[in-house]
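Colleague: Hey, dropping data-v7.txt in here, compact mmCIF, C-alpha atoms:
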```txt
# COMPACT_ATOMS: atom_id res chain seq x y z
CA MET Y 981 89.52 35.22 89.03
CA ALA Y 982 86.86 32.87 90.31
CA ASP Y 983 88.06 29.95 92.39
CA ASP Y 984 88.10 26.34 91.17
CA ALA Y 985 84.72 25.56 92.72
CA GLN Y 986 83.05 28.22 90.55
CA GLN Y 987 84.76 27.22 87.30
CA PRO Y 988 82.66 25.05 84.96
CA ALA Y 989 84.39 21.98 83.54
CA SER Y 990 83.71 22.90 79.93
CA PHE Y 991 82.48 25.63 77.64
CA ALA Y 992 80.95 25.67 74.17
CA TYR Y 993 79.02 28.36 72.36
CA THR Y 994 75.33 27.71 71.82
CA PRO Y 995 74.30 27.42 68.15
CA ASP Y 996 73.11 31.05 68.13
CA TYR Y 997 76.36 32.30 69.62
CA GLN Y 998 78.44 30.00 67.40
CA ALA Y 999 76.85 31.68 64.37
CA LYS Y 1000 77.99 35.05 65.76
CA VAL Y 1001 81.46 33.63 66.42
CA ASP Y 1002 81.71 32.39 62.82
CA LYS Y 1003 80.66 35.83 61.57
CA GLU Y 1004 83.33 37.57 63.70
CA ILE Y 1005 86.10 35.20 62.59
CA ALA Y 1006 85.10 35.64 58.93
CA LYS Y 1007 85.83 39.38 59.19
CA TYR Y 1008 89.57 38.65 59.14
CA PRO Y 1009 91.71 37.24 56.32
CA PRO Y 1010 93.15 33.73 56.56
CA GLY Y 1011 95.93 33.58 59.14
CA ARG Y 1012 94.63 36.66 61.00
CA GLN Y 1013 91.69 35.06 62.84
CA GLN Y 1014 93.32 35.76 66.21
CA SER Y 1015 92.22 39.36 65.73
CA ALA Y 1016 88.72 38.17 66.64
CA VAL Y 1017 89.78 37.31 70.20
CA MET Y 1018 88.14 40.35 71.83
CA ALA Y 1019 84.84 39.76 70.06
CA LEU Y 1020 84.84 36.06 70.98
CA LEU Y 1021 85.55 36.89 74.63
CA ASP Y 1022 82.66 39.35 74.62
CA LEU Y 1023 80.35 36.72 73.14
CA ALA Y 1024 81.47 34.16 75.75
CA GLN Y 1025 80.77 36.67 78.52
CA ARG Y 1026 77.34 37.53 77.11
CA GLN Y 1027 76.45 33.84 76.89
CA HIS Y 1028 77.76 32.71 80.27
CA GLY Y 1029 77.75 35.96 82.25
CA TRP Y 1030 81.51 35.96 82.82
CA VAL Y 1031 84.71 34.62 81.23
CA THR Y 1032 85.64 31.21 82.60
CA ARG Y 1033 88.88 29.27 82.27
CA ALA Y 1034 87.07 26.79 80.04
CA ALA Y 1035 85.89 29.62 77.78
CA VAL Y 1036 89.45 30.90 77.46
CA ALA Y 1037 90.67 27.42 76.53
CA HIS Y 1038 87.84 27.03 74.01
CA ILE Y 1039 88.58 30.39 72.38
CA ALA Y 1040 92.31 29.66 72.27
CA GLY Y 1041 91.53 26.41 70.46
CA LEU Y 1042 89.17 28.09 67.99
CA LEU Y 1043 91.71 30.78 67.15
CA GLU Y 1044 94.76 28.48 67.28
CA MET Y 1045 96.58 30.66 69.78
CA PRO Y 1046 98.20 29.94 73.18
CA GLU Y 1047 95.82 30.25 76.14
CA ILE Y 1048 98.21 32.72 77.81
CA ARG Y 1049 97.69 35.14 74.90
CA VAL Y 1050 93.94 35.00 75.49
CA TRP Y 1051 94.50 35.53 79.23
CA GLU Y 1052 96.65 38.58 78.44
CA VAL Y 1053 93.63 40.16 76.74
CA VAL Y 1054 91.20 39.12 79.49
CA SER Y 1055 93.41 40.47 82.27
CA PHE Y 1056 94.17 43.78 80.52
CA TYR Y 1057 90.64 44.98 79.74
CA THR Y 1058 88.30 45.60 82.66
CA MET Y 1059 85.23 44.94 80.50
CA TYR Y 1060 85.87 41.22 80.86
CA ARG Y 1061 84.70 39.70 84.14
CA THR Y 1062 86.54 36.65 85.47
CA THR Y 1063 84.16 36.14 88.37
CA PRO Y 1064 80.39 35.65 88.36
CA GLY Y 1065 78.65 39.01 88.19
CA GLY Y 1066 75.12 40.09 88.88
CA ARG Y 1067 72.15 40.18 86.54
CA VAL Y 1068 72.85 43.93 86.47
CA ASN Y 1069 76.53 44.87 86.41
CA VAL Y 1070 77.43 48.32 87.72
CA HIS Y 1071 80.83 49.72 86.73
CA VAL Y 1072 82.32 52.90 88.19
CA CYS Y 1073 85.30 54.57 86.56
CA THR Y 1074 87.75 55.87 89.16
CA THR Y 1075 90.54 56.95 86.83
CA THR Y 1076 91.91 60.49 87.23
CA PRO Y 1077 89.39 62.52 85.13
CA CYS Y 1078 86.42 60.81 86.80
CA TRP Y 1079 88.07 61.06 90.22
CA LEU Y 1080 88.71 64.81 89.76
CA ARG Y 1081 85.02 65.27 88.84
CA GLY Y 1082 83.64 63.36 91.83
CA SER Y 1083 83.76 59.59 91.25
CA ASP Y 1084 84.33 59.10 94.99
CA GLU Y 1085 80.77 60.36 95.51
CA VAL Y 1086 79.46 57.94 92.86
CA VAL Y 1087 81.32 55.03 94.48
CA ALA Y 1088 79.95 55.94 97.92
CA ALA Y 1089 76.40 56.13 96.56
CA CYS Y 1090 76.73 52.70 94.89
CA LYS Y 1091 78.10 51.10 98.05
CA LYS Y 1092 75.39 52.71 100.19
CA LYS Y 1093 72.51 51.83 97.87
CA LEU Y 1094 73.63 48.27 97.00
CA GLY Y 1095 75.30 47.41 100.32
CA ILE Y 1096 78.30 45.83 98.61
CA GLY Y 1097 81.87 46.76 97.72
CA PHE Y 1098 83.89 46.44 94.54
CA GLY Y 1099 84.11 42.87 93.30
CA GLU Y 1100 81.01 41.82 95.22
CA ALA Y 1101 77.45 40.93 94.30
CA THR Y 1102 74.26 41.44 96.27
CA GLU Y 1103 72.94 38.36 98.10
CA ASP Y 1104 70.11 37.94 95.61
CA GLY Y 1105 72.55 38.11 92.68
CA GLN Y 1106 70.71 41.09 91.22
CA PHE Y 1107 73.62 43.56 91.22
CA ALA Y 1108 77.41 43.32 91.08
CA LEU Y 1109 79.70 46.31 91.57
CA HIS Y 1110 82.94 46.70 89.61
CA GLU Y 1111 85.73 49.31 89.63
CA VAL Y 1112 87.06 50.00 86.15
CA GLU Y 1113 89.99 51.89 84.69
CA CYS Y 1114 88.91 54.50 82.12
CA LEU Y 1115 85.63 54.11 80.31
CA GLY Y 1116 86.87 56.51 77.63
CA ALA Y 1117 84.22 59.19 78.17
CA CYS Y 1118 86.29 61.65 80.22
CA VAL Y 1119 84.59 64.77 78.87
CA ASN Y 1120 81.36 63.73 80.62
CA ALA Y 1121 83.01 62.45 83.82
CA PRO Y 1122 82.25 60.93 86.20
CA ILE Y 1123 80.87 57.91 84.38
CA LEU Y 1124 78.67 55.12 85.68
CA GLN Y 1125 78.29 52.15 83.32
CA ILE Y 1126 75.37 49.80 83.88
CA ASP Y 1127 75.56 46.76 81.62
CA ASP Y 1128 76.14 48.27 78.14
CA ASP Y 1129 74.91 51.81 78.89
CA TYR Y 1130 76.84 54.88 80.06
CA TYR Y 1131 75.30 57.30 82.57
CA GLU Y 1132 77.31 60.50 82.42
CA ASP Y 1133 77.88 63.64 84.50
CA MET Y 1134 77.03 61.69 87.62
CA ASP Y 1135 76.99 62.65 91.29
CA GLY Y 1136 75.79 60.89 94.44
CA PRO Y 1137 72.05 61.75 94.29
CA LYS Y 1138 71.83 60.99 90.55
CA THR Y 1139 73.56 57.65 91.14
CA GLU Y 1140 71.11 56.69 93.87
CA ALA Y 1141 68.15 57.73 91.69
CA ILE Y 1142 69.36 55.58 88.79
CA LEU Y 1143 69.98 52.57 91.02
CA ASP Y 1144 66.53 53.04 92.59
CA ALA Y 1145 65.04 52.90 89.09
CA PHE Y 1146 66.86 49.64 88.35
CA LEU Y 1147 65.66 48.25 91.67
CA ARG Y 1148 62.09 49.01 90.52
CA GLY Y 1149 62.79 47.12 87.28
CA GLU Y 1150 63.06 50.26 85.16
CA THR Y 1151 65.87 51.23 82.79
CA PRO Y 1152 66.58 54.97 82.99
CA THR Y 1153 67.63 56.82 79.85
CA PRO Y 1154 71.42 56.62 79.49
CA GLY Y 1155 73.67 59.52 78.44
CA PRO Y 1156 74.33 62.89 80.11
CA GLN Y 1157 72.38 63.34 83.34
CA ILE Y 1158 72.60 67.14 83.17
CA GLU Y 1159 71.42 69.64 80.59
CA ARG Y 1160 73.96 69.08 77.87
CA GLN Y 1161 73.81 67.66 74.37
CA THR Y 1162 76.07 64.59 74.11
CA SER Y 1163 79.56 65.91 74.95
CA ALA Y 1164 78.92 69.59 74.19
CA PRO Y 1165 80.08 72.13 76.79
CA VAL Y 1166 77.96 72.54 79.92
CA GLY Y 1167 75.75 75.60 79.38
CA GLY Y 1168 75.67 75.29 75.60
CA ARG Y 1169 77.96 76.07 72.72
CA THR Y 1170 80.92 78.37 73.26
CA THR Y 1171 82.15 78.21 69.66
CA LEU Y 1172 80.47 77.61 66.32
CA GLN Y 1173 77.39 79.18 67.83
CA SER Y 1174 75.51 79.16 64.57
CA VAL Y 1175 75.73 76.82 61.64
CA ASP Y 1176 73.67 76.36 58.50
CA GLY Y 1177 70.33 74.85 59.37
CA ASP Y 1178 70.13 76.35 62.88
CA ASP Y 1179 67.18 78.58 63.66
```
Could you take the file, read its structure, and then write that structure out as structure tokens?

Modeller:
Amino acid sequence: MADDAQQPASFAYTPDYQAKVDKEIAKYPPGRQQSAVMALLDLAQRQHGWVTRAAVAHIAGLLEMPEIRVWEVVSFYTMYRTTPGGRVNVHVCTTTPCWLRGSDEVVAACKKKLGIGFGEATEDGQFALHEVECLGACVNAPILQIDDDYYEDMDGPKTEAILDAFLRGETPTPGPQIERQTSAPVGGRTTLQSVDGDD
């Protein structure tokens, strides 16, 4: 969590974000608005760049729930950042499936290319590097998440190439970085090798 000096004194959604907040809360029946807590945290992070103490207090007030319940959600899910990030946020999954498929190599490539460690941002504020627990895409491990996009089937050289592209201001195509269709087996289908409509 960011220290006191980094915490803003207050938080409020901008009119545009407040309209999105109202839409999220309206998805739930009366008395169940607390179910919108994850969506409201995401909107706060998108607006401010990270989740501040003031944002947590604001959300708790909107949803009429204790602040500690909001903090429980923030501290459980690694997608919420409680410290200032970079303009580009790089997340590396190091949970067992990604680790078994080479996430150590991806981590090393990120640290080498960006010159920072986990929980740090580059001096110019362009990139921040985060370690996360399970991005839920184990079949295509190891996974590198950059902002909202997943880059899959990664290794060290592919990681450096993608970061180089971001450094040039480009956004590489997300998804599998090897010859595979979505999460199909490497090398093509092994079952259901023909279906109606196939050539």

Colleague: Using all atoms listed in the file, which of the listed residues (Y:Gly1099, Y:Pro1064, Y:Gly1082, Y:Gly1105) sits closest to Gln1025 (chain Y)?

Modeller: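 Of Y:Gly1099, Y:Pro1064, Y:Gly1082, Y:Gly1105, the one nearest Gln1025 (chain Y) is Y:Pro1064, counting all atoms listed in the file.
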
Colleague: Rounded to one decimal place, report the CA of Val1119 (chain Y)-CA of Thr1074 (chain Y) distance in Å.

Modeller: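 So the answer is 14.0 Å.
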
Colleague: Env of Val1001 (chain Y): 10 Å cut, atoms = all atoms listed in the file, seq-sep filter 3 positions within chain, self excluded. Answer as an NGL selection string.

Modeller: :Y and (993 or 995-998 or 1004-1006 or 1016-1017 or 1019-1021 or 1023-1024 or 1039 or 1042)

Colleague: Could you check which of Y:Met1134, Y:Ile1048, Y:Leu1147, Y:Cys1078 is closest to Gln1106 (chain Y), using only C-alpha atoms?

Modeller: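 Of Y:Met1134, Y:Ile1048, Y:Leu1147, Y:Cys1078, the one nearest Gln1106 (chain Y), counting only C-alpha atoms, is Y:Leu1147.
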
Colleague: If I wrap all listed atoms of region 1039-1042 of chain Y in a box with edges along x, y and z and add 3 Å on each side, what are its centre and edge lengths in Å to one decimal, as lines of an AutoDock Vina configuration file?

Modeller:
```
center_x = 90.4
center_y = 28.4
center_z = 70.2
size_x = 9.7
size_y = 10.0
size_z = 10.4
```

Colleague: At a cut-off of 10 Å, using only C-alpha atoms, what residues contact Thr1058 (chain Y)? Leave out same-chain residues fewer than 5 positions from it and give the result as a PyMOL selection string.

Modeller: chain Y and resi 1053+1071+1110-1115

Colleague: Which residue, Y:Gly1116, Y:Gly1136, Y:Pro1156, Y:Pro1046, has the smallest gap to Val1086 (chain Y) when you use all atoms listed in the file?

Modeller: Y:Gly1136

Colleague: What does the structure give for the distance between CA of Val1031 (chain Y) and CA of Pro1009 (chain Y), in Å to one decimal?

Modeller: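 Interatomic distance, CA of Val1031 (chain Y) to CA of Pro1009 (chain Y): 26.0 Å.
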
Colleague: Between CA of Asp1022 (chain Y) and CA of Asp1127 (chain Y), measure the distance and give it in Å to one decimal.

Modeller: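 We find that CA of Asp1022 (chain Y) and CA of Asp1127 (chain Y) lie 12.4 Å from each other.
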
Colleague: For Thr1139 (chain Y), which residue out of Y:Gln1013, Y:Ser1083, Y:Thr994, Y:Asn1069 is the nearest one, using all atoms listed in the file?

Modeller: Y:Ser1083
